[in-house]
Structures are given as structure tokens and as C-alpha cells.
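For reference, model-v8.cif (mmCIF, C-alpha atoms (C1' of nucleotides)):
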data_target
loop_
_atom_site.label_atom_id
_atom_site.label_comp_id
_atom_site.auth_asym_id
_atom_site.auth_seq_id
_atom_site.Cartn_x
_atom_site.Cartn_y
_atom_site.Cartn_z
CA MET J 1 16.60 18.86 -2.55
CA ARG J 2 17.57 15.87 -4.66
CA PRO J 3 18.86 12.90 -2.73
CA MET J 4 22.61 12.56 -2.66
CA THR J 5 22.30 9.21 -4.43
CA ASP J 6 20.75 10.78 -7.51
CA THR J 7 23.40 13.43 -7.70
CA SER J 8 26.13 10.83 -7.31
CA LEU J 9 24.70 8.72 -10.10
CA THR J 10 24.33 11.73 -12.35
CA SER J 11 27.90 12.79 -11.67
CA THR J 12 29.17 9.31 -12.42
CA LEU J 13 27.28 9.01 -15.68
CA ARG J 14 28.32 12.49 -16.77
CA LEU J 15 31.91 11.79 -15.87
CA LEU J 16 31.99 8.67 -17.99
CA ARG J 17 30.39 10.51 -20.88
CA ALA J 18 32.67 13.52 -20.57
CA ALA J 19 35.70 11.25 -20.61
CA SER J 20 34.57 9.67 -23.88
CA LEU J 21 34.16 13.10 -25.44
CA LEU J 22 37.53 14.34 -24.27
CA GLU J 23 39.27 11.15 -25.25
CA GLU J 24 37.81 11.34 -28.72
CA ARG J 25 38.92 14.93 -29.24
CA VAL J 26 42.36 14.60 -27.72
CA SER J 27 43.00 11.25 -29.33
CA GLY J 28 42.04 12.57 -32.75
CA ALA J 29 44.37 15.54 -32.51
CA LEU J 30 47.20 13.35 -31.30
CA ALA J 31 46.76 10.85 -34.10
CA SER J 32 46.58 13.43 -36.86
CA VAL J 33 49.44 15.59 -35.61
CA HIS J 34 51.85 12.97 -34.28
CA GLY J 35 50.59 9.63 -35.52
CA LEU J 36 50.32 8.40 -31.95
CA GLY J 37 47.48 7.02 -29.88
CA LEU J 38 46.63 8.45 -26.49
CA LYS J 39 47.96 5.36 -24.75
CA GLU J 40 51.26 5.56 -26.56
CA ALA J 41 51.51 9.21 -25.54
CA PHE J 42 50.87 8.29 -21.91
CA LEU J 43 53.57 5.65 -22.08
CA LEU J 44 56.10 8.22 -23.31
CA MET J 45 54.99 10.75 -20.71
CA HIS J 46 55.44 8.27 -17.89
CA LEU J 47 58.95 7.57 -19.09
CA GLU J 48 59.66 11.28 -19.22
CA ASN J 49 58.52 11.63 -15.62
CA GLU J 50 61.19 9.21 -14.43
CA PRO J 51 64.59 10.55 -13.35
CA GLN J 52 66.44 8.19 -15.69
CA HIS J 53 63.70 8.29 -18.32
CA LYS J 54 63.27 4.56 -18.13
CA LEU J 55 60.96 1.97 -16.60
CA THR J 56 60.58 -1.78 -16.70
CA ARG J 57 57.62 -3.16 -18.60
CA VAL J 58 55.95 -4.27 -15.38
CA ASP J 59 56.27 -0.82 -13.81
CA LEU J 60 54.87 0.70 -16.97
CA SER J 61 51.95 -1.69 -16.93
CA ARG J 62 51.14 -0.62 -13.37
CA ARG J 63 51.32 3.08 -14.17
CA LEU J 64 49.30 2.69 -17.35
CA HIS J 65 46.76 0.35 -15.74
CA MET J 66 47.09 -2.30 -18.40
CA SER J 67 48.47 -5.81 -18.65
CA ALA J 68 52.17 -6.49 -19.09
CA SER J 69 51.55 -8.16 -22.42
CA THR J 70 49.93 -5.03 -23.77
CA VAL J 71 52.95 -2.99 -22.74
CA THR J 72 55.26 -5.44 -24.48
CA ARG J 73 53.25 -5.14 -27.67
CA MET J 74 52.84 -1.36 -27.45
CA ALA J 75 56.56 -0.80 -26.93
CA ALA J 76 57.58 -2.74 -30.03
CA PRO J 77 56.35 -0.22 -32.64
CA LEU J 78 57.63 2.70 -30.53
CA GLU J 79 61.03 1.06 -30.54
CA LYS J 80 60.70 0.48 -34.28
CA ILE J 81 60.22 4.19 -34.93
CA GLY J 82 62.99 5.11 -32.53
CA LEU J 83 61.10 6.87 -29.74
CA VAL J 84 62.15 4.32 -27.12
CA ALA J 85 64.92 1.78 -26.84
CA ARG J 86 65.40 -1.49 -25.00
CA GLU J 87 67.97 -1.59 -22.25
CA ALA J 88 69.09 -4.52 -20.14
CA ASP J 89 69.88 -4.35 -16.44
CA ALA J 90 73.40 -5.41 -15.44
CA ARG J 91 72.29 -6.87 -12.11
CA ASP J 92 69.05 -8.57 -13.07
CA ALA J 93 68.93 -10.21 -16.48
CA ARG J 94 65.15 -10.52 -16.32
CA LEU J 95 64.63 -6.77 -16.56
CA ALA J 96 64.17 -5.15 -19.94
CA PHE J 97 63.86 -1.41 -19.47
CA VAL J 98 61.96 0.76 -21.87
CA VAL J 99 64.05 3.92 -22.14
CA LEU J 100 63.16 7.19 -23.83
CA THR J 101 65.51 8.11 -26.68
CA GLU J 102 66.49 11.67 -27.61
CA ALA J 103 63.95 11.52 -30.42
CA GLY J 104 61.45 10.32 -27.85
CA LYS J 105 62.15 13.27 -25.58
CA THR J 106 61.60 15.67 -28.44
CA LYS J 107 58.40 13.88 -29.39
CA VAL J 108 56.97 13.84 -25.89
CA SER J 109 57.53 17.54 -25.57
CA GLU J 110 55.65 18.18 -28.81
CA VAL J 111 52.91 15.80 -27.71
CA ARG J 112 52.52 17.64 -24.44
CA THR J 113 52.10 20.92 -26.33
CA THR J 114 49.40 19.39 -28.52
CA LEU J 115 47.64 17.94 -25.50
CA ALA J 116 47.72 21.26 -23.67
CA ALA J 117 46.38 23.09 -26.71
CA GLN J 118 43.52 20.63 -27.09
CA ALA J 119 42.72 20.81 -23.39
CA GLU J 120 42.63 24.57 -23.57
CA ARG J 121 40.34 24.50 -26.61
CA ILE J 122 37.90 22.32 -24.72
CA PHE J 123 37.50 24.88 -21.96
CA GLN J 124 38.15 28.14 -23.76
CA ASP J 125 34.51 28.83 -24.49
CA ARG J 126 32.06 29.45 -21.69
CA TRP J 127 34.49 28.55 -18.88
CA THR J 128 36.19 30.87 -16.46
CA ALA J 129 39.59 30.09 -15.00
CA GLU J 130 37.94 29.62 -11.60
CA GLU J 131 35.53 27.04 -12.95
CA VAL J 132 38.25 25.00 -14.61
CA SER J 133 40.29 25.22 -11.44
CA SER J 134 37.31 24.10 -9.39
CA LEU J 135 36.73 21.12 -11.70
CA SER J 136 40.39 20.22 -11.49
CA ASP J 137 40.28 20.26 -7.68
CA LEU J 138 37.17 18.10 -7.50
CA LEU J 139 38.60 15.58 -9.96
CA GLY J 140 41.83 15.64 -8.01
CA ARG J 141 39.98 14.33 -5.00
CA LEU J 142 38.51 11.50 -7.03
CA VAL J 143 41.93 10.32 -8.16
CA ALA J 144 43.65 11.17 -4.89
CA ASN J 145 44.13 7.58 -3.80
CA ALA J 146 45.93 6.56 -6.95
CA HIS J 147 49.70 6.73 -7.15
CA GLY J 148 52.18 7.32 -9.95
CA GLU J 149 49.81 9.41 -12.01
CA LEU J 150 50.67 12.00 -14.58
CA ALA J 151 48.53 14.74 -13.10
CA MET T 152 48.48 32.07 -10.72
CA ARG T 153 48.92 29.05 -12.96
CA PRO T 154 48.16 29.62 -16.60
CA MET T 155 44.74 28.49 -17.73
CA THR T 156 46.39 26.04 -20.13
CA ASP T 157 48.03 24.10 -17.33
CA THR T 158 44.82 23.88 -15.37
CA SER T 159 42.95 22.74 -18.46
CA LEU T 160 45.50 20.03 -19.15
CA THR T 161 45.44 18.87 -15.54
CA SER T 162 41.66 18.74 -15.56
CA THR T 163 41.64 16.75 -18.77
CA LEU T 164 44.19 14.21 -17.54
CA ARG T 165 42.44 13.85 -14.22
CA LEU T 166 39.09 13.44 -15.89
CA LEU T 167 40.39 10.62 -18.07
CA ARG T 168 41.95 8.93 -15.06
CA ALA T 169 38.87 9.38 -12.90
CA ALA T 170 36.73 7.81 -15.61
CA SER T 171 38.94 4.71 -15.67
CA LEU T 172 38.65 4.35 -11.91
CA LEU T 173 34.89 4.79 -11.89
CA GLU T 174 34.39 2.50 -14.84
CA GLU T 175 36.42 -0.21 -13.17
CA ARG T 176 34.44 -0.01 -9.94
CA VAL T 177 31.01 0.29 -11.49
CA SER T 178 31.73 -2.29 -14.14
CA GLY T 179 32.94 -4.80 -11.57
CA ALA T 180 29.84 -4.43 -9.43
CA LEU T 181 27.59 -4.73 -12.44
CA ALA T 182 29.31 -7.86 -13.69
CA SER T 183 29.29 -9.65 -10.35
CA VAL T 184 25.72 -8.74 -9.41
CA HIS T 185 23.97 -8.93 -12.75
CA GLY T 186 26.39 -10.62 -15.13
CA LEU T 187 26.26 -7.61 -17.42
CA GLY T 188 28.89 -5.25 -18.76
CA LEU T 189 28.56 -1.50 -18.42
CA LYS T 190 27.87 -1.13 -22.13
CA GLU T 191 25.11 -3.70 -22.03
CA ALA T 192 23.60 -1.84 -19.10
CA PHE T 193 23.71 1.42 -21.02
CA LEU T 194 22.01 -0.24 -23.95
CA LEU T 195 19.16 -1.40 -21.75
CA MET T 196 18.88 1.99 -20.07
CA HIS T 197 18.62 3.79 -23.39
CA LEU T 198 15.81 1.46 -24.39
CA GLU T 199 14.07 2.13 -21.10
CA ASN T 200 14.28 5.88 -21.76
CA GLU T 201 12.26 5.54 -24.95
CA PRO T 202 8.47 5.91 -24.85
CA GLN T 203 7.95 2.59 -26.62
CA HIS T 204 11.02 0.97 -25.04
CA LYS T 205 12.49 0.27 -28.42
CA LEU T 206 15.09 1.66 -30.80
CA THR T 207 16.60 0.67 -34.11
CA ARG T 208 20.16 -0.57 -34.07
CA VAL T 209 21.38 2.55 -35.80
CA ASP T 210 19.73 4.83 -33.25
CA LEU T 211 21.23 2.75 -30.49
CA SER T 212 24.66 3.00 -32.04
CA ARG T 213 24.35 6.80 -32.07
CA ARG T 214 23.23 7.00 -28.47
CA LEU T 215 25.87 4.55 -27.31
CA HIS T 216 28.61 6.13 -29.43
CA MET T 217 29.66 2.89 -31.02
CA SER T 218 29.47 1.32 -34.43
CA ALA T 219 26.36 -0.36 -35.74
CA SER T 220 28.15 -3.67 -36.00
CA THR T 221 28.96 -3.59 -32.30
CA VAL T 222 25.31 -2.99 -31.48
CA THR T 223 24.29 -5.92 -33.65
CA ARG T 224 26.71 -8.17 -31.82
CA MET T 225 25.88 -6.83 -28.36
CA ALA T 226 22.14 -7.28 -28.87
CA ALA T 227 22.42 -10.95 -29.82
CA PRO T 228 23.35 -12.32 -26.36
CA LEU T 229 20.87 -9.96 -24.69
CA GLU T 230 18.17 -11.40 -26.92
CA LYS T 231 19.40 -14.90 -26.11
CA ILE T 232 18.90 -14.35 -22.39
CA GLY T 233 15.54 -12.70 -22.97
CA LEU T 234 16.22 -9.12 -21.89
CA VAL T 235 15.47 -7.71 -25.33
CA ALA T 236 13.58 -8.95 -28.37
CA ARG T 237 13.73 -8.27 -32.08
CA GLU T 238 10.78 -6.53 -33.66
CA ALA T 239 10.23 -5.69 -37.31
CA ASP T 240 8.65 -2.47 -38.58
CA ALA T 241 5.50 -2.88 -40.65
CA ARG T 242 6.27 0.12 -42.87
CA ASP T 243 10.01 -0.26 -43.39
CA ALA T 244 11.32 -3.79 -43.73
CA ARG T 245 14.90 -2.61 -43.18
CA LEU T 246 14.29 -1.70 -39.58
CA ALA T 247 14.92 -4.26 -36.87
CA PHE T 248 13.98 -2.73 -33.54
CA VAL T 249 15.60 -3.80 -30.32
CA VAL T 250 12.79 -3.80 -27.80
CA LEU T 251 12.98 -4.21 -24.03
CA THR T 252 11.10 -7.25 -22.74
CA GLU T 253 9.34 -7.43 -19.38
CA ALA T 254 12.34 -9.31 -17.99
CA GLY T 255 14.49 -6.54 -19.43
CA LYS T 256 12.47 -3.86 -17.65
CA THR T 257 12.88 -5.68 -14.37
CA LYS T 258 16.59 -6.10 -14.99
CA VAL T 259 17.21 -2.49 -15.91
CA SER T 260 15.51 -1.35 -12.74
CA GLU T 261 17.77 -3.59 -10.66
CA VAL T 262 20.78 -2.44 -12.63
CA ARG T 263 19.93 1.18 -11.96
CA THR T 264 19.76 0.46 -8.25
CA THR T 265 23.19 -1.18 -8.31
CA LEU T 266 24.64 1.71 -10.29
CA ALA T 267 23.20 4.28 -7.90
CA ALA T 268 24.53 2.38 -4.90
CA GLN T 269 28.01 2.19 -6.42
CA ALA T 270 27.93 5.86 -7.35
CA GLU T 271 26.97 6.75 -3.83
CA ARG T 272 29.75 4.60 -2.38
CA ILE T 273 32.27 6.45 -4.50
CA PHE T 274 31.32 9.80 -3.01
CA GLN T 275 30.14 8.83 0.44
CA ASP T 276 33.49 9.41 2.11
CA ARG T 277 35.02 12.86 2.22
CA TRP T 278 32.44 14.46 -0.07
CA THR T 279 29.67 16.85 0.90
CA ALA T 280 26.42 16.98 -1.03
CA GLU T 281 27.38 20.45 -2.26
CA GLU T 282 30.67 19.21 -3.67
CA VAL T 283 29.06 16.35 -5.55
CA SER T 284 26.43 18.72 -6.85
CA SER T 285 29.10 21.16 -7.95
CA LEU T 286 30.99 18.40 -9.76
CA SER T 287 27.79 17.29 -11.43
CA ASP T 288 27.11 20.82 -12.66
CA LEU T 289 30.58 21.31 -14.05
CA LEU T 290 30.51 17.97 -15.82
CA GLY T 291 27.07 18.82 -17.11
CA ARG T 292 28.55 21.77 -18.94
CA LEU T 293 31.17 19.56 -20.52
CA VAL T 294 28.55 17.21 -21.96
CA ALA T 295 26.02 19.95 -22.66
CA ASN T 296 26.39 19.82 -26.42
CA ALA T 297 25.69 16.12 -26.65
CA HIS T 298 22.15 14.87 -27.22
CA GLY T 299 20.24 11.75 -26.26
CA GLU T 300 22.28 11.13 -23.13
CA LEU T 301 21.22 9.20 -20.07
CA ALA T 302 22.10 11.94 -17.63
"C1'" DG C 303 74.41 -25.26 -2.83
"C1'" DC C 304 70.23 -26.76 -4.51
"C1'" DA C 305 65.43 -27.21 -5.05
"C1'" DA C 306 61.22 -24.47 -4.66
"C1'" DA C 307 58.98 -20.30 -5.05
"C1'" DG C 308 58.76 -15.97 -7.05
"C1'" DT C 309 59.47 -12.40 -10.82
"C1'" DA C 310 59.87 -10.32 -15.63
"C1'" DC C 311 58.85 -10.87 -19.99
"C1'" DT C 312 56.79 -13.07 -24.13
"C1'" DT C 313 53.47 -15.75 -26.73
"C1'" DG C 314 49.06 -18.30 -27.87
"C1'" DC C 315 44.31 -17.99 -27.50
"C1'" DA C 316 39.81 -15.95 -26.96
"C1'" DT C 317 37.13 -11.89 -27.14
"C1'" DG C 318 35.54 -7.23 -28.34
"C1'" DT C 319 35.73 -3.51 -31.52
"C1'" DG C 320 35.60 -0.38 -35.89
"C1'" DA C 321 35.98 0.08 -40.88
"C1'" DA C 322 34.65 -1.56 -45.08
"C1'" DA C 323 32.10 -4.44 -47.97
"C1'" DG C 324 27.89 -6.81 -48.96
"C1'" DC C 325 22.86 -7.35 -48.97
"C1'" DA C 326 18.08 -6.05 -48.72
"C1'" DG C 327 14.85 -2.55 -48.88
"C1'" DT C 328 13.39 2.44 -49.50
"C1'" DT C 329 13.38 7.10 -51.45
"C1'" DC C 330 14.55 10.42 -54.93
"C1'" DG C 331 14.85 12.48 -59.60
"C1'" DC C 332 13.37 12.42 -63.86
"C1'" DG W 333 7.71 3.68 -63.23
"C1'" DC W 334 12.47 2.96 -63.11
"C1'" DG W 335 17.24 3.43 -62.21
"C1'" DA W 336 20.37 5.76 -58.96
"C1'" DA W 337 21.32 7.07 -54.55
"C1'" DC W 338 20.53 6.20 -49.97
"C1'" DT W 339 19.62 3.64 -45.51
"C1'" DG W 340 19.67 -0.17 -42.06
"C1'" DC W 341 21.63 -4.27 -40.87
"C1'" DT W 342 25.06 -8.05 -41.02
"C1'" DT W 343 29.45 -10.12 -42.04
"C1'" DT W 344 34.36 -10.16 -42.87
"C1'" DC W 345 38.76 -8.60 -41.76
"C1'" DA W 346 42.25 -6.41 -39.10
"C1'" DC W 347 43.70 -5.03 -34.81
"C1'" DA W 348 43.94 -4.30 -29.72
"C1'" DT W 349 43.70 -6.39 -25.37
"C1'" DG W 350 43.54 -9.55 -21.10
"C1'" DC W 351 44.41 -14.10 -19.38
"C1'" DA W 352 46.95 -18.11 -18.96
"C1'" DA W 353 50.86 -20.77 -20.12
"C1'" DG W 354 55.70 -20.93 -21.21
"C1'" DT W 355 60.62 -19.41 -20.66
"C1'" DA W 356 64.45 -17.44 -18.41
"C1'" DC W 357 66.28 -15.65 -14.39
"C1'" DT W 358 66.59 -14.53 -9.30
"C1'" DT W 359 65.61 -15.11 -4.48
"C1'" DT W 360 64.34 -17.90 -0.60
"C1'" DG W 361 64.51 -21.76 2.63
"C1'" DC W 362 66.74 -25.44 4.33
#
Before we go any further, please render this structure as C-alpha cells.
Amino acid sequence: MRPMTDTSLTSTLRLLRAASLLEERVSGALASVHGLGLKEAFLLMHLENEPQHKLTRVDLSRRLHMSASTVTRMAAPLEKIGLVAREADARDARLAFVVLTEAGKTKVSEVRTTLAAQAERIFQDRWTAEEVSSLSDLLGRLVANAHGELA
Amino acid sequence: MRPMTDTSLTSTLRLLRAASLLEERVSGALASVHGLGLKEAFLLMHLENEPQHKLTRVDLSRRLHMSASTVTRMAAPLEKIGLVAREADARDARLAFVVLTEAGKTKVSEVRTTLAAQAERIFQDRWTAEEVSSLSDLLGRLVANAHGELA
DNA sequence: GCAAAGTACTTGCATGTGAAAGCAGTTCGC
DNA sequence: GCGAACTGCTTTCACATGCAAGTACTTTGC
């Protein structure tokens, strides 16, 4: 039997490669259909997951695993096209919430449909439901320690 | 039972997230131990996989899934520190091979050890050999269509 | 209550990247 | 052979991103 180390390395390398492939496919579909990048879509989806559909920039940066400055700069165009709005906090004047607009809610729902369709296309050939489910479970264990995730 | 679409979407999102986590861990170890980025390491490993330990920049860009200009710029510092060298082709003056030096061969072997150790650390807790093997197989099917991969 | 420390956000700077253009050399069609 | 098309590489430009510094505000410690 192969040593566990070899299998671990192979899994890691394949995982990184698989992620590139999926990101390319999903990102392409998202850009052509909605004119959005994958990261912008994630930002909107995280907002949608909140009860009030809003988050501060710092909270967003933690959930999206990127710097606060990147969130500031990503939110600007989204605000420009009306998918999110800026909202101040009455108690703490430092906070500048990013809040999902009605147009944003509509958009995120469409985006989710596109994402789901692309995901299904990836697995539709040569995969049984059990295999996809098994992959999902195994990946779930890899990301188990992380919090505030979308899936 | 959940619809296949939901499971596919969950798998895709988890895969993307898992890749970020792994990349962060592996990349950090690589940088601190060897002063190399993950992409530089991949470049060296692809060279090592070739019979003559050399590739043209265009071939490298295809294997690394990045633009030719990025390969040109990535190779320069590696040449500076002596891990790779530039070699012309006698028959075709357009070709500028990137060839692994002896120092590069030593380095890539050390890098592989670090990568394997990190990969093992990721799975060592709460994973059986069968589970890792199963994950590896499933991921293998996802990347099956791609050619010239490291794993 | 006021200064010091901490927090949220923004901005300037440096770096990494892809697309497109430019250059040098090779192959193809005739 | 010779021009046109093609190929490999580099450079320029635009853009995305993290870090560090700057600004405004709040909380803490005394």
C-alpha cells in the first residue's frame, strides 16, 4: 500500500488543481451571464446570509478572507450599479455597513441559480449522486474548522 | 434526499474554500522554509518531471495555467538565485528553455519533502488512510481531463 | 473627563497578473 | 525563393490586491 504521506500529497495537489478548474468554469459563466466576478458574487451571498442583509466591511473581509481595503474597493462598483448600498450605524459612527438592495437580492438569487447550474454541469457526467455526496462530505471535514462559510 | 444540484453546489463551494485553506497553509510553510512561493515551486516541479529537466516558457505556461508573460517574469528571479538557467535551442532561435540547475534539483527535492510533510499534517488528525485515499480518487476524477499535471 | 489605546475605514505604495502589442525567428503556400 | 502567416518571448499597460500609514471615532484606565 502507498504510504499515507504520498496519498496526502496527491490529494492536496489534486485539490488545488481541481479548484483552479472549477473556479475557471464557474467564474466564466458568472462573468458572461451576470457581469460579476466570483468574489463579488460571494460578497453578495454573504450579505444575503445575514438576517438584516448587511455587514460591516471588516466583517465582510473576515468572511471573504481578504483585506479590508479590498472589500472597500470591491464594494464601490457594486454600490455604483445599485446592488448594495452604504448605511451608517446610529450608535457607532465608525461603522459603514454594506447592505444588500432589492436589486441586489434579485441579482444574488439569479447568481445562485447560475452557480448551481454550473456546479451540476461539472458533475452531471460520470458521477453518481452518491459519489458527489461522498466528495461533499469529505470536503466538509476539510473546511469544518472554518466559521461563517457559505456552505 | 437532497437534489443532486444542491449537493453539487455544496461540493463546489467547499472545494473552493478547501483550496484556499490548503494553499494558505502550504504556501506559508514553503515561503518560510525555502523562501519560495507555491507557484515557483510548481514551476520547478514541472521542470523536474521532464526527461531533460527543461521546458520552453510557453510549455511551462500551459502546464502552470498562466500566461507566458508571467512565466517570463517568474523565471527571472529563479535564474538570479541559480535554481534555473536559460538555454537556447540550436535549431530554433526563438526557443529559450528554462532548465533546472543542480542547485535547482536539490531545492526541488527539499521542497517536495516540505510539501509532503504539510500535506500529511493536514490529514493526520481525524482522517483514516481510506478516507484520504477516497478523497484522492474523487478529486482525480475531477482533474482527469487535464493533461501534464503533477499529480 | 481626558489622554491613551483600540477599532473601522480609506488611501498610497509596491507587487503580481493577464491581455495586447511589439519583436525576432520559423514555416507555409505558391 | 519570397512574402504571408505563424510562433515564442518580452514589454507595456491596466487592474487587483495586501500592507502600512493616515483619519475619524469609540472605549478604556486612571
On this structure, the PyMOL selection byres ((chain T) within 8 of (chain J)) would catch which residues? List them as a PDB file with C-alpha atoms, in the frame of the given file, sorted by chain and number.
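Once everything was written out, this is part22.pdb:
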ATOM      1  CA  MET T 155      44.740  28.490 -17.730  1.00  0.00           C
ATOM      2  CA  THR T 156      46.390  26.040 -20.130  1.00  0.00           C
ATOM      3  CA  ASP T 157      48.030  24.100 -17.330  1.00  0.00           C
ATOM      4  CA  THR T 158      44.820  23.880 -15.370  1.00  0.00           C
ATOM      5  CA  SER T 159      42.950  22.740 -18.460  1.00  0.00           C
ATOM      6  CA  LEU T 160      45.500  20.030 -19.150  1.00  0.00           C
ATOM      7  CA  THR T 161      45.440  18.870 -15.540  1.00  0.00           C
ATOM      8  CA  SER T 162      41.660  18.740 -15.560  1.00  0.00           C
ATOM      9  CA  THR T 163      41.640  16.750 -18.770  1.00  0.00           C
ATOM     10  CA  LEU T 164      44.190  14.210 -17.540  1.00  0.00           C
ATOM     11  CA  ARG T 165      42.440  13.850 -14.220  1.00  0.00           C
ATOM     12  CA  LEU T 166      39.090  13.440 -15.890  1.00  0.00           C
ATOM     13  CA  LEU T 167      40.390  10.620 -18.070  1.00  0.00           C
ATOM     14  CA  ARG T 168      41.950   8.930 -15.060  1.00  0.00           C
ATOM     15  CA  ALA T 169      38.870   9.380 -12.900  1.00  0.00           C
ATOM     16  CA  ALA T 170      36.730   7.810 -15.610  1.00  0.00           C
ATOM     17  CA  LEU T 172      38.650   4.350 -11.910  1.00  0.00           C
ATOM     18  CA  LEU T 173      34.890   4.790 -11.890  1.00  0.00           C
ATOM     19  CA  GLU T 174      34.390   2.500 -14.840  1.00  0.00           C
ATOM     20  CA  LEU T 266      24.640   1.710 -10.290  1.00  0.00           C
ATOM     21  CA  ALA T 267      23.200   4.280  -7.900  1.00  0.00           C
ATOM     22  CA  ALA T 268      24.530   2.380  -4.900  1.00  0.00           C
ATOM     23  CA  ALA T 270      27.930   5.860  -7.350  1.00  0.00           C
ATOM     24  CA  GLU T 271      26.970   6.750  -3.830  1.00  0.00           C
ATOM     25  CA  PHE T 274      31.320   9.800  -3.010  1.00  0.00           C
ATOM     26  CA  ALA T 280      26.420  16.980  -1.030  1.00  0.00           C
ATOM     27  CA  GLU T 282      30.670  19.210  -3.670  1.00  0.00           C
ATOM     28  CA  VAL T 283      29.060  16.350  -5.550  1.00  0.00           C
ATOM     29  CA  SER T 284      26.430  18.720  -6.850  1.00  0.00           C
ATOM     30  CA  LEU T 286      30.990  18.400  -9.760  1.00  0.00           C
ATOM     31  CA  SER T 287      27.790  17.290 -11.430  1.00  0.00           C
ATOM     32  CA  LEU T 289      30.580  21.310 -14.050  1.00  0.00           C
ATOM     33  CA  LEU T 290      30.510  17.970 -15.820  1.00  0.00           C
ATOM     34  CA  GLY T 291      27.070  18.820 -17.110  1.00  0.00           C
ATOM     35  CA  LEU T 293      31.170  19.560 -20.520  1.00  0.00           C
ATOM     36  CA  VAL T 294      28.550  17.210 -21.960  1.00  0.00           C
ATOM     37  CA  LEU T 301      21.220   9.200 -20.070  1.00  0.00           C
ATOM     38  CA  ALA T 302      22.100  11.940 -17.630  1.00  0.00           C
TER      39      ALA T 302
END
Mind dumping a table of every chain T residue within 12 Å of chain W, with the nearest atom pair and its distance in Å to one decimal, using only C-alpha atoms (C1' of nucleotides), sorted by chain and rising number, as a tab-separated table?
residue	atom	partner	partner_atom	distance
T:Thr207	CA	W:DG340	C1'	8.6
T:Arg208	CA	W:DC341	C1'	7.9
T:Val209	CA	W:DG340	C1'	7.0
T:Asp210	CA	W:DG340	C1'	10.1
T:Ser212	CA	W:DG340	C1'	11.6
T:Ser218	CA	W:DC341	C1'	11.6
T:Ala219	CA	W:DC341	C1'	8.0
T:Ser220	CA	W:DT342	C1'	7.3
T:Thr221	CA	W:DT342	C1'	10.5
T:Val222	CA	W:DC341	C1'	10.2
T:Thr223	CA	W:DT342	C1'	7.7
T:Arg224	CA	W:DT342	C1'	9.3
T:Ala227	CA	W:DT342	C1'	11.9
T:Ala239	CA	W:DG340	C1'	11.9
T:Asp240	CA	W:DG340	C1'	11.8
T:Asp243	CA	W:DG340	C1'	9.8
T:Ala244	CA	W:DG340	C1'	9.3
T:Arg245	CA	W:DG340	C1'	5.5
T:Leu246	CA	W:DG340	C1'	6.1
T:Ala247	CA	W:DC341	C1'	7.8
T:Phe248	CA	W:DG340	C1'	10.6
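One finds CA of Ala41 (chain J) at 7.2 Å from CA of Val108 (chain J).
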Tell me as a PDB file with C-alpha atoms (C1' of nucleotides), in the frame of the given file which residues belonging to chain C come within 8 Å of chain T, counting all atoms listed in the file.
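Written out: result38.pdb:
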ATOM      1  C1'  DT C 319      35.730  -3.510 -31.520  1.00  0.00           C
ATOM      2  C1'  DG C 320      35.600  -0.380 -35.890  1.00  0.00           C
ATOM      3  C1'  DA C 326      18.080  -6.050 -48.720  1.00  0.00           C
ATOM      4  C1'  DG C 327      14.850  -2.550 -48.880  1.00  0.00           C
ATOM      5  C1'  DT C 328      13.390   2.440 -49.500  1.00  0.00           C
TER       6       DT C 328
END
Checklist entry - In Å, how far is it from CA of Glu199 (chain T) to CA of Leu251 (chain T)? => result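 For CA of Glu199 (chain T) relative to CA of Leu251 (chain T), the distance reads 7.1 Å.
Counting from CA of Gln52 (chain J), the distance to CA of Thr114 (chain J) is 24.1 Å.
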Item to check | Shell of 12 Å around Thr101 (chain J), all atoms listed in the file, local chain residues under 3 positions omitted, as a ChimeraX atom specification | outcome: /J:44,47-48,52-54,78-87,98,104-108
If you take every atom of region 128-145 of chain J that the file lists and fit an axis-aligned box around them with 4 Å extra on each side, what centre and edge lengths come out in Å to one decimal, as lines of an AutoDock Vina configuration file?
center_x = 39.8
center_y = 19.2
center_z = -10.1
size_x = 16.6
size_y = 31.3
size_z = 20.7
Since the input lacks atoms, please generate N, CA and C atoms for region 106-120 of chain J and provide them as a compact mmCIF listing (two decimals), in the frame of the given file.
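The new file selection-v9.txt reads:
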# COMPACT_ATOMS: atom_id res chain seq x y z
N THR J 106 62.12 14.61 -27.58
CA THR J 106 61.60 15.67 -28.44
C THR J 106 60.11 15.46 -28.71
N LYS J 107 59.79 14.21 -29.05
CA LYS J 107 58.40 13.88 -29.39
C LYS J 107 57.47 14.13 -28.21
N VAL J 108 57.86 13.72 -27.04
CA VAL J 108 56.97 13.84 -25.89
C VAL J 108 56.74 15.31 -25.55
N SER J 109 57.73 16.12 -25.82
CA SER J 109 57.53 17.54 -25.57
C SER J 109 56.53 18.15 -26.56
N GLU J 110 56.61 17.72 -27.81
CA GLU J 110 55.65 18.18 -28.81
C GLU J 110 54.25 17.67 -28.47
N VAL J 111 54.20 16.41 -28.05
CA VAL J 111 52.91 15.80 -27.71
C VAL J 111 52.26 16.56 -26.56
N ARG J 112 53.06 16.92 -25.57
CA ARG J 112 52.52 17.64 -24.44
C ARG J 112 51.93 18.99 -24.88
N THR J 113 52.60 19.64 -25.81
CA THR J 113 52.10 20.92 -26.33
C THR J 113 50.74 20.73 -27.02
N THR J 114 50.66 19.68 -27.84
CA THR J 114 49.40 19.39 -28.52
C THR J 114 48.29 19.09 -27.52
N LEU J 115 48.63 18.28 -26.53
CA LEU J 115 47.64 17.94 -25.50
C LEU J 115 47.14 19.19 -24.78
N ALA J 116 48.09 20.04 -24.40
CA ALA J 116 47.72 21.26 -23.67
C ALA J 116 46.84 22.16 -24.53
N ALA J 117 47.17 22.25 -25.81
CA ALA J 117 46.38 23.09 -26.71
C ALA J 117 44.96 22.55 -26.84
N GLN J 118 44.84 21.24 -26.98
CA GLN J 118 43.52 20.63 -27.09
C GLN J 118 42.72 20.83 -25.80
N ALA J 119 43.40 20.64 -24.68
CA ALA J 119 42.72 20.81 -23.39
C ALA J 119 42.22 22.24 -23.26
N GLU J 120 43.04 23.17 -23.67
CA GLU J 120 42.63 24.57 -23.57
C GLU J 120 41.43 24.85 -24.47
